[in-house]
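To start, the structure under review is shown below, and the notes come after it.
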Amino acid sequence: MAEAKARLRAAMRARRAGLSPADVAAASAAVGRRLQSLPAMAEARRVAAYLAVRGEVPLDGLLDGERREVFTLPRVVGDDLEFVAWRDGQTLEPGAFGIPEPVGGEVVAFADHDLVLVPLTAFDGGCHRLGQGGGFYDRALAALAPDAARPVTVGVAHSFQQVDVVPRDSWDVPLDAVVTETGLVIAEGGPLA
């Protein structure tokens, strides 16, 4: 399983690396429009986002647009993520993986989010996600109390990142939906179905 995941990650990372800045900008604009038209996004007051690296679909236009009660950005703390309220002009520094992370700021509990936008390297029609390999988002989702309200999780990707089947382990947690520049994939039986 680990080898299949590693091969798929490498293939998708190589494809993302081959994208031109114009392709990435166009995907970002299209994804932003799709997200803004998604009712779960329109109704969300607390939204976890991310800062794109290595060819991920940027959410910059979304972060600069209509303000929510709060947008948060992830920060790595040991083996976990914490989500920090983000404001324009807030200081960012490279974190554990060279990804920009907020310095200081109010930590917002993962369970207190209405919507979580999740980067990924590959996904399938069941909204199973292949992440970067650290398991951070899977641990955050698995740590939620079984009877607690769960944030809606929406993966963000380029359409070419969709594959027939994502190799997965028992601890991998599927998303509720995945948005790309060309469409929206919704998990059967999830809150968006």
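Going through the structure tokens in order, the chains are called A, B, and so on, while each chain numbers its residues from 1 and the ligands are numbered from 1 in the order shown.
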
Using only C-alpha atoms, which protein or nucleic acid residues come within 7 Å of Val173 of chain A? Drop anything in the same chain fewer than 2 positions from it, and give the result as a VMD selection string. chain A and resid 138 171 175

Output of the above residues as a PDB file, in the first residue's frame, restricted to C-alpha atoms:
```pdb
ATOM      1  CA  ASP A 138      -6.794  12.257   8.787  1.00  0.00           C
ATOM      2  CA  TRP A 171      -7.231   5.121   8.880  1.00  0.00           C
ATOM      3  CA  LEU A 175     -13.830  13.915   2.192  1.00  0.00           C
TER       4      LEU A 175
END
```

Give me, as JSON lines, the closest atom pair and its distance (Å, one decimal) for every residue of segment 119-148 of chain A within a cut-off of 12 Å of segment 13-34 of chain A, counting only C-alpha atoms, rows sorted by chain and rising number.
```
{"residue": "A:Leu120", "atom": "CA", "partner": "A:Arg13", "partner_atom": "CA", "distance": 10.1}
{"residue": "A:Thr121", "atom": "CA", "partner": "A:Arg13", "partner_atom": "CA", "distance": 7.0}
{"residue": "A:Ala122", "atom": "CA", "partner": "A:Arg13", "partner_atom": "CA", "distance": 9.5}
{"residue": "A:Leu130", "atom": "CA", "partner": "A:Arg13", "partner_atom": "CA", "distance": 11.7}
{"residue": "A:Gly131", "atom": "CA", "partner": "A:Arg13", "partner_atom": "CA", "distance": 11.1}
{"residue": "A:Gln132", "atom": "CA", "partner": "A:Arg13", "partner_atom": "CA", "distance": 9.7}
```

Hey, can you spit out that residue selection with C-alpha atoms as a JSON list (two decimals), in the first residue's frame?
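So again22.json came out as:
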```
[["chain", "number", "residue", "atom", "x", "y", "z"],
["A", 120, "LEU", "CA", -4.46, 16.76, -1.80],
["A", 121, "THR", "CA", -2.30, 14.93, -4.32],
["A", 122, "ALA", "CA", -5.00, 12.62, -5.74],
["A", 130, "LEU", "CA", -4.34, 10.92, -1.04],
["A", 131, "GLY", "CA", -2.56, 13.61, 0.94],
["A", 132, "GLN", "CA", 1.10, 14.46, 1.25]]
```

One-decimal distance in Å that lies between atom CA of Pro174 of chain A and atom CA of Ala42 of chain A: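 Value for the atom CA of Ala42 of chain A-atom CA of Pro174 of chain A distance: 22.1 Å.
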
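Remark: for Leu184 of chain A, the closest of the candidate residues A:Asp164, A:Asp169, A:Asp124, A:Glu82 is A:Asp124 (distances computed over only C-alpha atoms).
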
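Remark: for Val152 of chain A, the closest of the candidate residues A:Arg45, A:Arg54, A:Arg7, A:His113 is A:His113 (distances computed over only C-alpha atoms).
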
Taking only C-alpha atoms into account, name the residue in A:Val166, A:Ala142, A:Ala6, A:Ala187 that is nearest to Asp80 of chain A.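 The closest residue to Asp80 of chain A is A:Ala142.
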
What's the separation between atom CA of Thr153 of chain A and atom CA of Val116 of chain A, in Å to one decimal place?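 Calculated distance between atom CA of Thr153 of chain A and atom CA of Val116 of chain A is 4.8 Å.
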
Best match for closeness to Pro191 of chain A among A:Asp60, A:Asp172, A:Pro151, A:Gly134, counting only C-alpha atoms: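 Closest to Pro191 of chain A of all the choices is A:Pro151.
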
Out of A:Ala109, A:Val156, A:Ala85, A:Leu62, which residue has the shortest atom-to-atom distance to Ala143 of chain A when counting only C-alpha atoms?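 Among the listed residues, the smallest separation from Ala143 of chain A belongs to A:Ala109.
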
Shell of 12 Å around Pro94 of chain A, only C-alpha atoms, local chain residues under 4 positions omitted, as number ranges by chain: A: 51, 53, 74-76, 98-103

All strand (DSSP E) positions in chain A, as a PyMOL selection string: chain A and resi 46-48+70-77+80-86+92-94+100-102+107-108+115-119+122-123+129-130+152-156+177-179+184-186

Using DSSP on the backbone, list every residue of segment 121-193 of chain A that comes out as alpha helix (DSSP H), and give them as a PyMOL selection string. chain A and resi 136-142

d(atom CA of Gln162 of chain A, atom CA of Arg9 of chain A) in Å: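 Separation between atom CA of Gln162 of chain A and atom CA of Arg9 of chain A: 12.0 Å.
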
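Closest approach to Pro119 of chain A from the set A:Glu188, A:Glu56, A:Glu93, A:Glu43 is made by A:Glu56, with distances taken over only C-alpha atoms.
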